[in-house]
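J.: Following this message is one structure expressed as structure tokens.
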Amino acid sequence: MINEKSLIVLELHKVLEMLAGQTTFSAGADLAYELQPSTDLEEAQIWQRETAEARELFENRTNITLGGARDVRDISITAQRGVMIDAEVLLDIRQTLRRGTTIKRTLGRMSSQYPLLAELVSEVEECTEVQDSISNAIDENGEVKDSASARLALIRRDLKIAFDRLQGRLNKIITGSKAQFLQETIITMRNGRYVIPLKADNKGKIPGVVHDSSSSGATLFIEPLETVELNNKWRELQIDEEK
């Protein structure tokens, strides 16, 4: 074991800072800072050969990179405690696993040229089931797919039906005989509910729930009574979808 005074004289901390500066993400930087010289000759020689292989790898411009990998250590620990993970973070986890898989398989095919590096990456856990599960549930934009679960697929089907029914009923109102009472023949939203803009002077001409008014007070945004249940159904399904 090399004593602390020798490490200070050798300015090891500066060397490790330089090395950490070349890493692509925090997990790699932490590994760099944890490095300590070895007093075991055989171990030191193995490290030198590993370094020589890595230099050759770069000199040959082999297409191996950690690009896309993220430090997901903390979130992985959190997941074990049953805490929900956002879809975007799940994509980070999948991308990190994918990168590990690519590096492991690429160097595995080149084991005759880079035997020590191939041995190092052989320890990488590919976790293909986790990768596949994330891919089946989350799309590239971080949105949950319909196929994430049978229940979700049904909810989204019903959600579309409920939305179409709601919009259809509102469209009948704004294009029918009562359109004359409206400030504009449009459908808009207030407080998460679909409403129509009624002229304040025509209050009561279209029975409904007032959700808002314009700054001038000339317009009332009402939810027609005949669409309340349709709005309720649509909102309930939205809540089910989110769950």
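Quick note on naming: the chains in the structure tokens go A, B, ... in the order shown, residues restart at 1 in each chain, and ligands are numbered from 1 in order of appearance.
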Extract the full set of alpha helix (DSSP H) residues from region 130-177 of chain A according to DSSP on the backbone, and format it as a ChimeraX atom specification.

T.: /A:130-137,150-175

J.: Using backbone DSSP assignments, extract all strand (DSSP E or B) residues from region 153-219 of chain A; output them as an mmCIF file with N, CA, C and O atoms, in the first residue's frame.

T.:
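File written: selection.cif
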```
data_model
loop_
_atom_site.group_PDB
_atom_site.id
_atom_site.type_symbol
_atom_site.label_atom_id
_atom_site.label_comp_id
_atom_site.auth_asym_id
_atom_site.auth_seq_id
_atom_site.Cartn_x
_atom_site.Cartn_y
_atom_site.Cartn_z
ATOM 1 N N LEU A 182 -74.289 32.976 -28.936
ATOM 2 C CA LEU A 182 -72.859 32.860 -28.634
ATOM 3 C C LEU A 182 -72.080 34.080 -29.103
ATOM 4 O O LEU A 182 -72.429 34.720 -30.095
ATOM 5 N N THR A 188 -64.020 25.916 -26.497
ATOM 6 C CA THR A 188 -62.764 26.193 -25.819
ATOM 7 C C THR A 188 -62.748 25.447 -24.484
ATOM 8 O O THR A 188 -63.643 24.639 -24.199
ATOM 9 N N MET A 189 -61.732 25.696 -23.665
ATOM 10 C CA MET A 189 -61.601 24.942 -22.426
ATOM 11 C C MET A 189 -61.356 25.872 -21.241
ATOM 12 O O MET A 189 -60.611 26.849 -21.341
ATOM 13 N N ARG A 190 -61.994 25.577 -20.137
ATOM 14 C CA ARG A 190 -61.786 26.284 -18.881
ATOM 15 C C ARG A 190 -61.800 25.267 -17.751
ATOM 16 O O ARG A 190 -62.690 24.422 -17.671
ATOM 17 N N ARG A 193 -62.433 21.664 -18.482
ATOM 18 C CA ARG A 193 -63.745 21.302 -19.039
ATOM 19 C C ARG A 193 -63.952 22.038 -20.357
ATOM 20 O O ARG A 193 -63.541 23.190 -20.516
ATOM 21 N N TYR A 194 -64.637 21.384 -21.303
ATOM 22 C CA TYR A 194 -64.933 22.031 -22.576
ATOM 23 C C TYR A 194 -66.168 22.920 -22.416
ATOM 24 O O TYR A 194 -67.187 22.486 -21.870
ATOM 25 N N VAL A 195 -66.033 24.166 -22.882
ATOM 26 C CA VAL A 195 -67.093 25.157 -22.717
ATOM 27 C C VAL A 195 -67.315 25.911 -24.032
ATOM 28 O O VAL A 195 -66.535 25.769 -24.978
ATOM 29 N N ILE A 196 -68.375 26.719 -24.047
ATOM 30 C CA ILE A 196 -68.660 27.570 -25.206
ATOM 31 C C ILE A 196 -68.847 29.011 -24.711
ATOM 32 O O ILE A 196 -69.278 29.233 -23.573
ATOM 33 N N PRO A 197 -68.515 30.004 -25.565
ATOM 34 C CA PRO A 197 -68.584 31.419 -25.137
ATOM 35 C C PRO A 197 -69.965 32.031 -25.371
ATOM 36 O O PRO A 197 -70.345 32.359 -26.490
ATOM 37 N N LEU A 198 -70.709 32.208 -24.295
ATOM 38 C CA LEU A 198 -72.057 32.757 -24.363
ATOM 39 C C LEU A 198 -72.011 34.268 -24.120
ATOM 40 O O LEU A 198 -71.302 34.747 -23.234
ATOM 41 N N LYS A 199 -72.773 35.013 -24.921
ATOM 42 C CA LYS A 199 -72.888 36.450 -24.667
ATOM 43 C C LYS A 199 -73.551 36.637 -23.302
ATOM 44 O O LYS A 199 -74.571 36.020 -23.000
ATOM 45 N N GLY A 208 -76.559 26.042 -18.357
ATOM 46 C CA GLY A 208 -75.249 25.437 -18.168
ATOM 47 C C GLY A 208 -74.532 25.964 -16.942
ATOM 48 O O GLY A 208 -75.047 26.819 -16.206
ATOM 49 N N VAL A 209 -73.341 25.457 -16.725
ATOM 50 C CA VAL A 209 -72.495 25.843 -15.588
ATOM 51 C C VAL A 209 -71.478 26.874 -16.063
ATOM 52 O O VAL A 209 -70.749 26.633 -17.025
ATOM 53 N N VAL A 210 -71.437 28.032 -15.403
ATOM 54 C CA VAL A 210 -70.479 29.077 -15.769
ATOM 55 C C VAL A 210 -69.126 28.749 -15.142
ATOM 56 O O VAL A 210 -69.013 28.591 -13.923
ATOM 57 N N HIS A 211 -68.110 28.654 -15.982
ATOM 58 C CA HIS A 211 -66.768 28.340 -15.492
ATOM 59 C C HIS A 211 -65.840 29.552 -15.478
ATOM 60 O O HIS A 211 -64.844 29.564 -14.764
ATOM 61 N N ASP A 212 -66.171 30.558 -16.280
ATOM 62 C CA ASP A 212 -65.285 31.719 -16.362
ATOM 63 C C ASP A 212 -66.013 32.828 -17.115
ATOM 64 O O ASP A 212 -67.087 32.612 -17.687
ATOM 65 N N SER A 213 -65.408 34.014 -17.108
ATOM 66 C CA SER A 213 -65.947 35.128 -17.896
ATOM 67 C C SER A 213 -64.788 35.910 -18.488
ATOM 68 O O SER A 213 -63.650 35.824 -18.007
ATOM 69 N N THR A 219 -68.585 38.181 -22.013
ATOM 70 C CA THR A 219 -68.683 36.774 -22.414
ATOM 71 C C THR A 219 -68.635 35.865 -21.196
ATOM 72 O O THR A 219 -67.787 36.050 -20.307
#
```

J.: Give me the residues within 12 Å of Glu123 (chain A) as a PyMOL selection string, counting only C-alpha atoms and dropping any in the same chain fewer than 2 places off.

T.: chain A and resi 100-101+103-105+107-108+116-121+125-127

J.: Show which residues sit within 9 Å of Thr65 (chain A), as an MDAnalysis selection string. Count only C-alpha atoms, and ignore same-chain residues fewer than 2 positions away.

T.: chainID A and resid 62:63 67:68 99 103
